[in-house]
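Here's my_file30.txt, which has compact mmCIF, C-alpha atoms and all ligand atoms:
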# COMPACT_ATOMS: atom_id res chain seq x y z
CA MET A 1 -18.50 14.49 20.23
CA SER A 2 -17.31 12.32 17.40
CA THR A 3 -15.48 13.51 14.30
CA VAL A 4 -16.71 12.26 10.92
CA ILE A 5 -14.12 12.39 8.12
CA LEU A 6 -14.52 11.84 4.39
CA GLY A 7 -11.31 10.35 2.94
CA ILE A 8 -10.58 10.43 -0.80
CA GLU A 9 -7.77 8.41 -2.37
CA THR A 10 -6.94 8.56 -6.09
CA SER A 11 -3.14 8.34 -6.22
CA CYS A 12 -2.89 5.40 -8.58
CA ASP A 13 -5.51 3.13 -10.14
CA ASP A 14 -8.17 2.85 -7.42
CA THR A 15 -10.84 5.46 -6.73
CA GLY A 16 -11.41 5.11 -3.00
CA VAL A 17 -13.85 7.09 -0.87
CA SER A 18 -14.55 6.30 2.75
CA ILE A 19 -16.29 7.75 5.76
CA VAL A 20 -14.53 7.11 9.05
CA VAL A 21 -15.57 8.16 12.55
CA ASP A 22 -12.90 9.13 15.11
CA GLY A 23 -10.04 7.77 13.01
CA HIS A 24 -10.98 4.11 13.40
CA LEU A 25 -14.63 3.28 12.81
CA ILE A 26 -15.31 2.68 9.12
CA LYS A 27 -18.85 3.67 8.13
CA SER A 28 -18.26 3.03 4.42
CA ASN A 29 -15.26 2.20 2.27
CA VAL A 30 -16.03 2.18 -1.45
CA ILE A 31 -13.32 1.34 -3.97
CA ALA A 32 -13.78 1.46 -7.74
CA SER A 33 -10.98 -0.76 -9.00
CA GLN A 34 -9.48 -0.22 -12.44
CA THR A 35 -7.81 -3.65 -12.50
CA SER A 36 -9.81 -4.91 -15.48
CA ILE A 37 -8.75 -1.84 -17.53
CA HIS A 38 -5.02 -2.07 -16.78
CA ASN A 39 -4.91 -5.88 -16.76
CA GLN A 40 -5.16 -5.88 -20.55
CA HIS A 41 -1.94 -3.85 -20.70
CA GLY A 42 0.00 -5.83 -18.07
CA GLY A 43 0.51 -2.68 -15.95
CA ILE A 44 -0.97 0.69 -15.09
CA VAL A 45 -1.45 3.11 -18.01
CA PRO A 46 -1.44 6.59 -16.36
CA GLU A 47 -3.60 8.24 -19.03
CA LEU A 48 -6.31 5.58 -18.73
CA ALA A 49 -6.12 5.77 -14.93
CA SER A 50 -6.69 9.53 -14.82
CA ARG A 51 -9.62 9.38 -17.24
CA GLN A 52 -11.28 6.62 -15.23
CA HIS A 53 -10.90 8.55 -11.95
CA ILE A 54 -12.79 11.44 -13.54
CA ARG A 55 -15.63 9.07 -14.48
CA ASP A 56 -15.69 7.34 -11.10
CA ILE A 57 -15.10 10.04 -8.49
CA MET A 58 -18.62 11.47 -8.13
CA PRO A 59 -20.47 8.10 -8.24
CA VAL A 60 -18.00 6.69 -5.67
CA ILE A 61 -18.52 9.68 -3.33
CA ASP A 62 -22.30 9.28 -3.68
CA LEU A 63 -22.12 5.53 -3.00
CA SER A 64 -19.89 6.03 0.02
CA LEU A 65 -22.38 8.51 1.53
CA LYS A 66 -25.25 6.15 0.74
CA GLU A 67 -23.53 3.14 2.36
CA SER A 68 -22.75 5.14 5.48
CA GLU A 69 -26.37 6.35 5.59
CA MET A 70 -25.09 9.90 5.90
CA ASP A 71 -25.21 13.02 3.80
CA MET A 72 -22.67 15.78 3.29
CA THR A 73 -24.02 17.76 6.23
CA ASP A 74 -22.95 14.94 8.59
CA ILE A 75 -19.31 15.21 7.47
CA ASP A 76 -17.04 17.33 9.67
CA ILE A 77 -13.79 17.19 7.68
CA ILE A 78 -12.82 16.50 4.07
CA SER A 79 -9.45 14.84 3.35
CA ALA A 80 -7.63 13.66 0.25
CA THR A 81 -4.28 12.28 -0.87
CA TYR A 82 -2.06 14.97 -2.44
CA GLY A 83 0.98 12.76 -3.16
CA PRO A 84 2.95 10.71 -3.95
CA GLY A 85 1.41 9.10 -7.01
CA LEU A 86 0.46 9.68 -10.63
CA ALA A 87 -0.16 13.38 -11.31
CA GLY A 88 -3.25 12.87 -13.47
CA SER A 89 -4.78 10.56 -10.87
CA LEU A 90 -3.97 12.69 -7.80
CA ILE A 91 -5.53 15.80 -9.34
CA THR A 92 -9.01 14.30 -9.56
CA GLY A 93 -9.31 13.28 -5.90
CA LEU A 94 -7.62 16.39 -4.55
CA ASN A 95 -9.77 18.75 -6.62
CA ALA A 96 -12.95 16.92 -5.66
CA ALA A 97 -12.03 17.23 -1.96
CA LYS A 98 -11.09 20.92 -2.21
CA THR A 99 -14.30 21.69 -4.11
CA ILE A 100 -16.50 19.97 -1.50
CA SER A 101 -14.60 21.71 1.28
CA MET A 102 -15.06 25.13 -0.35
CA CYS A 103 -18.74 24.67 -1.24
CA LEU A 104 -19.70 23.36 2.20
CA SER A 105 -17.23 25.46 4.22
CA LYS A 106 -15.80 22.33 5.86
CA PRO A 107 -12.16 22.06 6.92
CA PHE A 108 -9.80 20.34 4.49
CA TYR A 109 -6.75 18.18 5.28
CA GLY A 110 -4.18 16.96 2.72
CA VAL A 111 -2.70 13.52 3.38
CA ASN A 112 0.54 11.90 2.29
CA HIS A 113 -0.43 8.55 0.72
CA LEU A 114 2.47 6.77 2.49
CA GLU A 115 1.33 8.12 5.85
CA GLY A 116 -2.14 6.82 4.98
CA HIS A 117 -0.73 3.30 4.58
CA VAL A 118 0.80 3.60 8.07
CA TYR A 119 -2.49 4.83 9.56
CA SER A 120 -4.43 1.90 8.13
CA ALA A 121 -3.06 0.13 11.24
CA TRP A 122 -5.32 2.34 13.40
CA LEU A 123 -8.43 1.36 11.47
CA ASP A 124 -10.30 -1.18 13.44
CA GLN A 125 -13.94 -1.77 14.06
CA ALA A 126 -13.44 -3.39 17.43
CA THR A 127 -10.86 -1.44 19.37
CA GLY A 128 -11.30 2.15 20.50
CA PRO A 129 -10.04 5.26 18.71
CA ASP A 130 -6.91 5.39 20.78
CA LYS A 131 -5.74 1.86 20.12
CA GLN A 132 -2.79 1.41 22.44
CA ILE A 133 0.00 1.52 19.88
CA GLY A 134 3.10 2.64 21.76
CA PHE A 135 5.83 4.73 20.12
CA PRO A 136 8.40 4.40 18.67
CA ILE A 137 7.09 2.04 16.01
CA VAL A 138 8.92 0.62 13.03
CA ALA A 139 6.69 0.77 9.94
CA LEU A 140 7.28 -0.95 6.63
CA ILE A 141 5.41 0.56 3.69
CA ALA A 142 5.63 -1.86 0.78
CA SER A 143 3.51 -1.01 -2.23
CA GLY A 144 3.66 -0.87 -6.01
CA GLY A 145 5.72 2.32 -5.98
CA HIS A 146 7.50 2.33 -2.59
CA THR A 147 9.42 0.21 -0.16
CA ASP A 148 10.20 2.42 2.83
CA LEU A 149 11.20 1.46 6.34
CA VAL A 150 10.49 4.24 8.82
CA LEU A 151 10.75 4.88 12.52
CA MET A 152 7.54 6.56 13.64
CA LYS A 153 8.43 8.43 16.81
CA ASP A 154 4.99 9.86 17.45
CA HIS A 155 1.88 10.74 15.45
CA GLY A 156 3.10 12.39 12.25
CA ILE A 157 6.83 12.20 13.09
CA TYR A 158 8.87 9.91 10.86
CA GLU A 159 12.53 9.13 10.38
CA LEU A 160 13.41 7.26 7.20
CA LEU A 161 15.53 4.23 8.10
CA GLY A 162 15.78 2.71 4.65
CA HIS A 163 14.22 2.54 1.21
CA THR A 164 14.56 0.60 -1.99
CA LEU A 165 17.54 1.52 -4.12
CA ASP A 166 15.76 0.39 -7.29
CA ASP A 167 12.41 -1.41 -7.75
CA ALA A 168 9.63 -1.41 -5.14
CA ALA A 169 8.64 -4.80 -3.71
CA GLY A 170 5.16 -4.64 -5.29
CA GLU A 171 6.61 -3.60 -8.64
CA CYS A 172 8.87 -6.67 -8.45
CA PHE A 173 5.84 -8.92 -7.74
CA ASP A 174 4.13 -7.39 -10.78
CA LYS A 175 7.17 -7.90 -13.04
CA ALA A 176 7.79 -11.49 -11.88
CA ALA A 177 4.11 -12.30 -12.51
CA ARG A 178 4.39 -10.85 -15.99
CA ILE A 179 7.45 -13.00 -16.79
CA LEU A 180 5.55 -16.07 -15.56
CA GLY A 181 2.47 -15.22 -17.66
CA LEU A 182 0.30 -14.51 -14.61
CA GLY A 183 -2.20 -11.62 -14.37
CA PHE A 184 -1.97 -8.09 -13.01
CA PRO A 185 -1.58 -7.05 -10.24
CA GLY A 186 1.09 -9.66 -9.74
CA GLY A 187 1.16 -9.89 -5.93
CA PRO A 188 -2.14 -11.72 -5.41
CA GLU A 189 -1.48 -13.88 -8.52
CA ILE A 190 1.94 -15.02 -7.26
CA GLN A 191 0.54 -15.65 -3.78
CA LYS A 192 -2.30 -17.76 -5.22
CA THR A 193 0.01 -19.66 -7.58
CA ALA A 194 2.70 -20.37 -4.95
CA GLY A 195 0.14 -21.53 -2.38
CA GLU A 196 1.92 -23.33 0.47
CA HIS A 197 4.54 -24.77 -1.88
CA LEU A 198 8.16 -24.99 -0.73
CA SER A 199 10.29 -24.50 -3.83
CA ASP A 200 13.38 -26.48 -4.83
CA PHE A 201 14.75 -23.31 -6.45
CA HIS A 202 16.62 -20.71 -4.45
CA LEU A 203 16.54 -17.14 -5.73
CA PRO A 204 18.97 -14.48 -4.44
CA ARG A 205 18.40 -12.01 -1.60
CA ALA A 206 20.00 -8.55 -1.58
CA TRP A 207 20.79 -8.19 2.11
CA LEU A 208 22.72 -4.87 1.83
CA PRO A 209 24.29 -5.51 5.24
CA GLY A 210 24.59 -2.67 7.70
CA THR A 211 21.70 -0.77 6.10
CA SER A 212 17.92 -0.88 6.18
CA ASN A 213 17.82 -0.38 2.42
CA PHE A 214 16.35 -2.83 -0.07
CA SER A 215 17.09 -3.84 -3.64
CA PHE A 216 14.83 -5.97 -5.80
CA SER A 217 16.15 -5.46 -9.33
CA GLY A 218 18.65 -8.37 -9.00
CA LEU A 219 15.81 -10.66 -7.95
CA LYS A 220 13.77 -9.58 -10.96
CA THR A 221 16.69 -10.40 -13.28
CA ALA A 222 17.21 -13.74 -11.52
CA VAL A 223 13.53 -14.67 -12.07
CA LEU A 224 13.85 -13.78 -15.74
CA LYS A 225 17.03 -15.86 -16.12
CA LEU A 226 15.52 -18.85 -14.31
CA ALA A 227 12.35 -18.63 -16.43
CA ILE A 228 14.45 -18.56 -19.61
CA ASP A 229 16.70 -21.46 -18.45
CA GLN A 230 13.63 -23.55 -17.59
CA ASN A 231 11.92 -22.72 -20.95
CA VAL A 232 9.03 -21.01 -19.14
CA TYR A 233 9.78 -17.67 -20.82
CA PRO A 234 9.07 -16.93 -23.59
CA GLU A 235 6.13 -19.34 -23.66
CA ASP A 236 6.83 -22.09 -26.21
CA SER A 237 4.66 -25.23 -26.20
CA SER A 238 7.17 -27.07 -28.43
CA LYS A 239 9.73 -26.94 -25.62
CA LEU A 240 7.55 -27.53 -22.57
CA ASP A 241 4.19 -29.31 -22.15
CA LYS A 242 1.44 -27.56 -20.16
CA LYS A 243 1.72 -29.68 -17.01
CA SER A 244 5.50 -29.21 -16.72
CA ARG A 245 5.11 -25.50 -17.41
CA ASP A 246 2.41 -25.12 -14.76
CA ASN A 247 4.59 -26.97 -12.21
CA LEU A 248 7.59 -24.79 -12.98
CA ILE A 249 5.49 -21.63 -12.61
CA ILE A 250 4.46 -22.82 -9.13
CA GLU A 251 8.12 -23.58 -8.27
CA ILE A 252 9.39 -20.20 -9.48
CA SER A 253 6.50 -18.24 -7.88
CA ALA A 254 7.16 -19.91 -4.52
CA ALA A 255 10.93 -19.28 -4.71
CA PHE A 256 10.32 -15.65 -5.68
CA GLN A 257 7.79 -15.02 -2.92
CA GLU A 258 10.05 -16.67 -0.33
CA SER A 259 12.95 -14.42 -1.33
CA VAL A 260 10.86 -11.23 -0.89
CA VAL A 261 9.27 -12.43 2.36
CA ASP A 262 12.67 -13.44 3.79
CA VAL A 263 14.28 -10.06 3.09
CA LEU A 264 11.33 -7.86 4.13
CA SER A 265 10.61 -9.74 7.35
CA SER A 266 14.28 -10.05 8.43
CA LYS A 267 14.98 -6.37 7.83
CA VAL A 268 11.85 -5.16 9.63
CA ILE A 269 12.57 -7.34 12.67
CA LYS A 270 16.21 -6.21 12.79
CA ALA A 271 15.28 -2.51 12.50
CA ALA A 272 12.69 -2.89 15.27
CA SER A 273 15.30 -4.46 17.55
CA ASP A 274 18.02 -1.89 16.66
CA HIS A 275 15.67 1.00 17.43
CA ARG A 276 14.01 -0.60 20.49
CA ALA A 277 10.63 -0.22 18.82
CA LYS A 278 7.52 -1.01 20.83
CA GLY A 279 5.64 -2.30 17.83
CA ILE A 280 5.73 -3.09 14.12
CA ILE A 281 3.30 -1.85 11.46
CA ILE A 282 3.26 -3.11 7.91
CA GLY A 283 1.16 -1.42 5.26
CA GLY A 284 0.83 -1.01 1.50
CA GLY A 285 -0.38 -3.59 -1.01
CA VAL A 286 2.47 -6.05 -0.36
CA ALA A 287 1.44 -6.18 3.32
CA ALA A 288 -1.65 -8.06 2.07
CA ASN A 289 0.69 -10.98 1.33
CA LEU A 290 -0.25 -13.82 3.68
CA PRO A 291 3.19 -15.49 4.00
CA LEU A 292 4.73 -12.08 4.77
CA ARG A 293 2.13 -11.35 7.45
CA GLU A 294 2.58 -14.80 8.99
CA ARG A 295 6.39 -14.55 8.99
CA ILE A 296 6.46 -11.15 10.65
CA ASN A 297 3.93 -12.28 13.26
CA GLN A 298 6.02 -15.42 13.87
CA LEU A 299 9.38 -13.68 14.17
CA SER A 300 8.38 -10.56 16.06
CA PRO A 301 8.96 -10.47 19.82
CA ILE A 302 6.96 -7.19 20.00
CA PRO A 303 3.31 -6.48 19.04
CA THR A 304 2.53 -6.29 15.33
CA TYR A 305 -0.24 -4.16 13.85
CA ILE A 306 -1.11 -5.45 10.41
CA PRO A 307 -4.32 -4.18 8.78
CA VAL A 308 -6.66 -6.73 7.23
CA PRO A 309 -5.62 -7.35 3.58
CA ARG A 310 -8.35 -5.17 2.04
CA LEU A 311 -7.08 -2.20 4.08
CA CYS A 312 -3.45 -2.80 3.00
CA THR A 313 -4.17 -1.94 -0.62
CA ASP A 314 -5.20 1.62 -1.53
CA ASN A 315 -8.40 2.89 0.08
CA GLY A 316 -10.00 6.10 1.32
CA ALA A 317 -10.34 4.92 4.93
CA MET A 318 -6.58 5.10 5.56
CA ILE A 319 -6.60 8.71 4.32
CA ALA A 320 -9.44 9.61 6.69
CA ALA A 321 -7.60 7.87 9.58
CA ALA A 322 -4.41 9.86 8.93
CA ALA A 323 -6.45 13.09 8.66
CA TYR A 324 -8.10 12.36 12.02
CA TYR A 325 -4.74 12.31 13.84
CA GLN A 326 -3.62 15.42 11.92
CA GLN A 327 -6.66 17.45 12.96
CA LEU A 328 -5.97 16.64 16.61
CA ARG A 329 -2.74 18.60 16.39
CA GLN A 330 -2.96 21.12 13.55
CA GLU A 331 -5.15 23.65 11.76
CA PRO A 332 -6.89 22.81 8.45
CA TRP A 333 -4.88 23.09 5.25
CA ASP A 334 -5.06 25.94 2.78
CA LEU A 335 -7.12 25.14 -0.32
CA LYS A 336 -4.21 26.34 -2.47
CA LEU A 337 -2.56 22.95 -1.80
CA ASP A 338 -1.40 21.38 -5.07
CA ILE A 339 -0.57 17.75 -5.85
CA ASN A 340 2.97 16.55 -5.12
CA PRO A 341 3.65 13.39 -7.17
CA GLY A 342 7.15 12.92 -5.70
CA LEU A 343 6.24 13.45 -2.04
CA LYS A 344 8.33 11.43 0.46
CA ILE A 345 7.18 10.22 3.85
CA TYR A 346 9.75 12.34 5.66
CA ASP A 347 8.41 15.46 3.83
CA ILE A 348 5.52 15.47 6.28
CA VAL A 349 5.77 18.66 8.29
CA HIS A 350 3.37 19.12 11.17
O1 LIG A 401 -0.58 0.05 -1.96
P1 LIG A 401 -1.06 -0.43 -3.30
O2 LIG A 401 -2.50 -0.89 -3.40
O3 LIG A 401 -0.85 0.68 -4.39
C1 LIG A 401 0.30 1.48 -4.42
O4 LIG A 401 0.34 2.46 -3.62
O5 LIG A 401 1.20 1.13 -5.19
O6 LIG A 401 -0.07 -1.60 -3.73
C2 LIG A 401 -0.20 -2.26 -4.95
C3 LIG A 401 0.88 -3.32 -5.01
C4 LIG A 401 0.93 -4.05 -6.34
O7 LIG A 401 2.27 -4.06 -6.80
C5 LIG A 401 0.45 -5.45 -6.00
O8 LIG A 401 1.02 -6.47 -6.82
C6 LIG A 401 0.88 -5.59 -4.55
O9 LIG A 401 0.67 -4.32 -3.99
N1 LIG A 401 0.08 -6.58 -3.84
C7 LIG A 401 0.58 -7.72 -3.31
C8 LIG A 401 -0.52 -8.44 -2.78
N2 LIG A 401 -1.65 -7.71 -3.00
C9 LIG A 401 -1.27 -6.56 -3.64
N3 LIG A 401 1.84 -8.18 -3.26
C10 LIG A 401 2.04 -9.38 -2.67
N4 LIG A 401 1.04 -10.15 -2.18
C11 LIG A 401 -0.25 -9.72 -2.20
N5 LIG A 401 -1.23 -10.48 -1.71
ZN ZN A 402 -0.60 2.63 -1.91
Take the structure in the file and give it back as structure tokens.
Amino acid sequence: MSTVILGIETSCDDTGVSIVVDGHLIKSNVIASQTSIHNQHGGIVPELASRQHIRDIMPVIDLSLKESEMDMTDIDIISATYGPGLAGSLITGLNAAKTISMCLSKPFYGVNHLEGHVYSAWLDQATGPDKQIGFPIVALIASGGHTDLVLMKDHGIYELLGHTLDDAAGECFDKAARILGLGFPGGPEIQKTAGEHLSDFHLPRAWLPGTSNFSFSGLKTAVLKLAIDQNVYPEDSSKLDKKSRDNLIIEISAAFQESVVDVLSSKVIKAASDHRAKGIIIGGGVAANLPLRERINQLSPIPTYIPVPRLCTDNGAMIAAAAYYQQLRQEPWDLKLDINPGLKIYDIVH
């Protein structure tokens, strides 16, 4: 008998609701993006995000059911992200899930958003529910708020190997894009602008030798300094004509992206070798970055499991996938569960 799970994700600025069968088969995956709202402000405004989730949550649940051609009675389990993330955003998805669970007497599972990013690697239309991913696995979670490197020893068992000491990789993409006058979110904008270009500029890498930690604040400062030196920032048409400015933005974007890709890929490969991992997973919005995906695939001597780009960014399907593997080994969660905005991946206790 198959298990149908409703996954709700509202930790940041996307309202995501998905229906997933047996932890891998996506029946629907609806995402109401708030990009156009936050774009005008150059970053996420928490108050606007929480208000928009309240408007979007019920229509997105309805649409997800409609697309899957199911109704609530077909759902076996309700799951939602309870942290980490923005408090006002988390509350909406978690309360919606708990309410549905209570009204329909269906089991409820709370999911750590970071664990969801890891489980997006199990989502696959083609392969079976028990995709042969051997443990231990090294997983990189690189998003707008986190850059964590973990050793996943089995389903739900994580050891933190390293994390960012300052900015997250995605946050750094967003800040660099802002300096260069590109849109929000910065990751896709920088990737599009850099294209296949090999830059003449070289930006620094914080290797932090002997650790699996990361640091991106120096890179952010270096981008700012380079943009100022090259008269790209602040924008001033009396100092730089449009064509030269556009060319410099390509050069700086490519140098920036190469620095992030170099550090993330090298550190993931080294950690996998140090810990004799059987595979590598990358997840989180930054894992949608094509040069990063290509580099890790190129360098890795072991199998890599990298979700398609649209499953790297926030979505409800990854929450349902994580809940599926939870319900195989533990009882449903108490509906008293509250949000935990500062939740860490190693806080998962099963
Ligand atoms: O996982 P996610 O959707 O939300 C969080 O949990 O934070 O990640 C969003 C982050 C943003 O910082 C965005 O700029 C970055 O992921 N991102 C990318 C790409 N697509 C999204 N960074 C680099 N290259 C991309 N293609
Ligand atoms: Zn995320």
For the contact check between chain A and ligand ZN 402 (chain A), emit one row per residue of chain A within 6 Å, containing the shortest atom pair and the distance in Å rounded to one decimal, counting only C-alpha atoms and all ligand atoms, chain then rising number order, as CSV.
residue,atom,partner,partner_atom,distance
A:Ser143,CA,A:ZN402,ZN,5.5
A:Gly284,CA,A:ZN402,ZN,5.2
A:Thr313,CA,A:ZN402,ZN,5.9
A:Asp314,CA,A:ZN402,ZN,4.7
Contact table segment 1-100 of chain A vs segment 323-347 of chain A, cut-off 10 Å, shortest pair per residue, only C-alpha atoms, as a tab-separated table:
residue	atom	partner	partner_atom	distance
A:Thr3	CA	A:Tyr324	CA	7.8
A:Val4	CA	A:Tyr324	CA	8.7
A:Ile5	CA	A:Tyr324	CA	7.2
A:Leu6	CA	A:Ala323	CA	9.2
A:Gly7	CA	A:Ala323	CA	8.0
A:Ser11	CA	A:Pro341	CA	8.5
A:Val20	CA	A:Tyr324	CA	8.8
A:Val21	CA	A:Tyr324	CA	8.6
A:Asp22	CA	A:Tyr324	CA	6.6
A:Gly23	CA	A:Tyr324	CA	5.1
A:His24	CA	A:Tyr324	CA	8.8
A:Ile77	CA	A:Ala323	CA	8.5
A:Ile78	CA	A:Ala323	CA	8.6
A:Ser79	CA	A:Ala323	CA	6.3
A:Ala80	CA	A:Ala323	CA	8.5
A:Thr81	CA	A:Ile339	CA	8.3
A:Tyr82	CA	A:Ile339	CA	4.6
A:Gly83	CA	A:Asn340	CA	4.7
A:Pro84	CA	A:Pro341	CA	4.2
A:Gly85	CA	A:Pro341	CA	4.8
A:Leu86	CA	A:Pro341	CA	6.0
A:Ala87	CA	A:Pro341	CA	5.6
A:Gly88	CA	A:Pro341	CA	9.4
A:Ser89	CA	A:Pro341	CA	9.6
A:Leu90	CA	A:Ile339	CA	6.4
A:Ile91	CA	A:Ile339	CA	6.4
A:Thr92	CA	A:Ile339	CA	9.8
A:Gly93	CA	A:Ile339	CA	9.8
A:Leu94	CA	A:Ile339	CA	7.3
A:Asn95	CA	A:Asp338	CA	8.9
A:Ala97	CA	A:Leu335	CA	9.5
A:Lys98	CA	A:Leu335	CA	6.1
A:Thr99	CA	A:Leu335	CA	8.8
Worksheet entry | Environment of ligand LIG 401 (chain A) within 7 Å, counting all atoms listed in the file, reported as JSON, numbers by chain | {"A": [12, 143, 144, 145, 146, 170, 171, 173, 174, 185, 186, 187, 188, 191, 284, 285, 286, 287, 288, 289, 290, 312, 313, 314]}
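Here atom CA of Ser33 of chain A and atom CA of Asp56 of chain A stand 9.6 Å from one another.
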Discussion item. Set the distance at 9 Å and use all atoms listed in the file: which residues neighbour Ser266 of chain A once local chain neighbours fewer than 5 positions away are removed? I'd like the list as a ChimeraX atom specification.
Written reply: /A:261,271,296,299
Worksheet item: Residues around (-11.3, 4.8, -1.1), cut-off 8 Å, counting only C-alpha atoms - what are they as a list in words?
Response: Gly7, Ile8, Glu9, Thr10, Asp14, Thr15, Gly16, Val17, Ser18, Asn29, Val30, Ile31, Ala32, Asp314, Asn315, Gly316 and Ala317 of chain A
Worksheet item: Counting all atoms listed in the file, which of A:Val111, A:Val260, A:Ala322, A:Ile179 gets nearest to Val223 of chain A?
Response: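 Using all atoms listed in the file, Val223 of chain A sits closest to A:Ile179.
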Item to complete: Considering only C-alpha atoms, state which residue in the set A:Thr73, A:Thr304, A:His163, A:Gln40 is at the smallest distance from Gly279 of chain A.
Response: A:Thr304
Contact check, segment 187-276 of chain A to segment 131-137 of chain A, at most 12 Å, counting all atoms listed in the file, closest pairs as a Markdown table:
| residue | atom | partner | partner_atom | distance |
| --- | --- | --- | --- | --- |
| A:Val268 | CA | A:Ile137 | CA | 10.7 |
| A:Ile269 | CA | A:Ile137 | CA | 11.4 |
| A:Ala271 | CA | A:Ile137 | CA | 10.0 |
| A:Ala272 | CA | A:Ile137 | CA | 7.5 |
| A:Ser273 | CA | A:Ile137 | CA | 10.6 |
| A:Asp274 | CA | A:Ile137 | CA | 11.6 |
| A:His275 | CA | A:Pro136 | CA | 8.1 |
| A:Arg276 | CA | A:Pro136 | CA | 7.7 |
Worksheet item: Got a sec: who's within 12 Å of Ser265 of chain A, counting only C-alpha atoms, leaving out chain neighbours fewer than 6 positions off, as number ranges by chain?
Response: A: 138-140, 142, 149, 207, 212, 214, 257-259, 271-272, 280-282, 286-287, 289, 291-300, 304
Produce a file of the selected residues containing C-alpha atoms, as a PDB file, keeping the file's coordinate frame.
ATOM      1  CA  VAL A 138       8.920   0.620  13.030  1.00  0.00           C
ATOM      2  CA  ALA A 139       6.690   0.770   9.940  1.00  0.00           C
ATOM      3  CA  LEU A 140       7.280  -0.950   6.630  1.00  0.00           C
ATOM      4  CA  ALA A 142       5.630  -1.860   0.780  1.00  0.00           C
ATOM      5  CA  LEU A 149      11.200   1.460   6.340  1.00  0.00           C
ATOM      6  CA  TRP A 207      20.790  -8.190   2.110  1.00  0.00           C
ATOM      7  CA  SER A 212      17.920  -0.880   6.180  1.00  0.00           C
ATOM      8  CA  PHE A 214      16.350  -2.830  -0.070  1.00  0.00           C
ATOM      9  CA  GLN A 257       7.790 -15.020  -2.920  1.00  0.00           C
ATOM     10  CA  GLU A 258      10.050 -16.670  -0.330  1.00  0.00           C
ATOM     11  CA  SER A 259      12.950 -14.420  -1.330  1.00  0.00           C
ATOM     12  CA  ALA A 271      15.280  -2.510  12.500  1.00  0.00           C
ATOM     13  CA  ALA A 272      12.690  -2.890  15.270  1.00  0.00           C
ATOM     14  CA  ILE A 280       5.730  -3.090  14.120  1.00  0.00           C
ATOM     15  CA  ILE A 281       3.300  -1.850  11.460  1.00  0.00           C
ATOM     16  CA  ILE A 282       3.260  -3.110   7.910  1.00  0.00           C
ATOM     17  CA  VAL A 286       2.470  -6.050  -0.360  1.00  0.00           C
ATOM     18  CA  ALA A 287       1.440  -6.180   3.320  1.00  0.00           C
ATOM     19  CA  ASN A 289       0.690 -10.980   1.330  1.00  0.00           C
ATOM     20  CA  PRO A 291       3.190 -15.490   4.000  1.00  0.00           C
ATOM     21  CA  LEU A 292       4.730 -12.080   4.770  1.00  0.00           C
ATOM     22  CA  ARG A 293       2.130 -11.350   7.450  1.00  0.00           C
ATOM     23  CA  GLU A 294       2.580 -14.800   8.990  1.00  0.00           C
ATOM     24  CA  ARG A 295       6.390 -14.550   8.990  1.00  0.00           C
ATOM     25  CA  ILE A 296       6.460 -11.150  10.650  1.00  0.00           C
ATOM     26  CA  ASN A 297       3.930 -12.280  13.260  1.00  0.00           C
ATOM     27  CA  GLN A 298       6.020 -15.420  13.870  1.00  0.00           C
ATOM     28  CA  LEU A 299       9.380 -13.680  14.170  1.00  0.00           C
ATOM     29  CA  SER A 300       8.380 -10.560  16.060  1.00  0.00           C
ATOM     30  CA  THR A 304       2.530  -6.290  15.330  1.00  0.00           C
TER      31      THR A 304
END
Worksheet item: For Val150 of chain A, which of A:Leu63, A:Met72, A:Ile19, A:Ala277 is the closest residue, counting all atoms listed in the file?
Response: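 Closest to Val150 of chain A of all the choices is A:Ala277.
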Discussion item. Nearest residue to Gly195 of chain A out of A:Asp166, A:Gly43, A:Ser238, A:Ala255, using all atoms listed in the file?
Written reply: A:Ala255
Fill in: Point-to-point distance in Å for atom CA of Cys172 of chain A and atom CA of Glu47 of chain A
22.1 Å
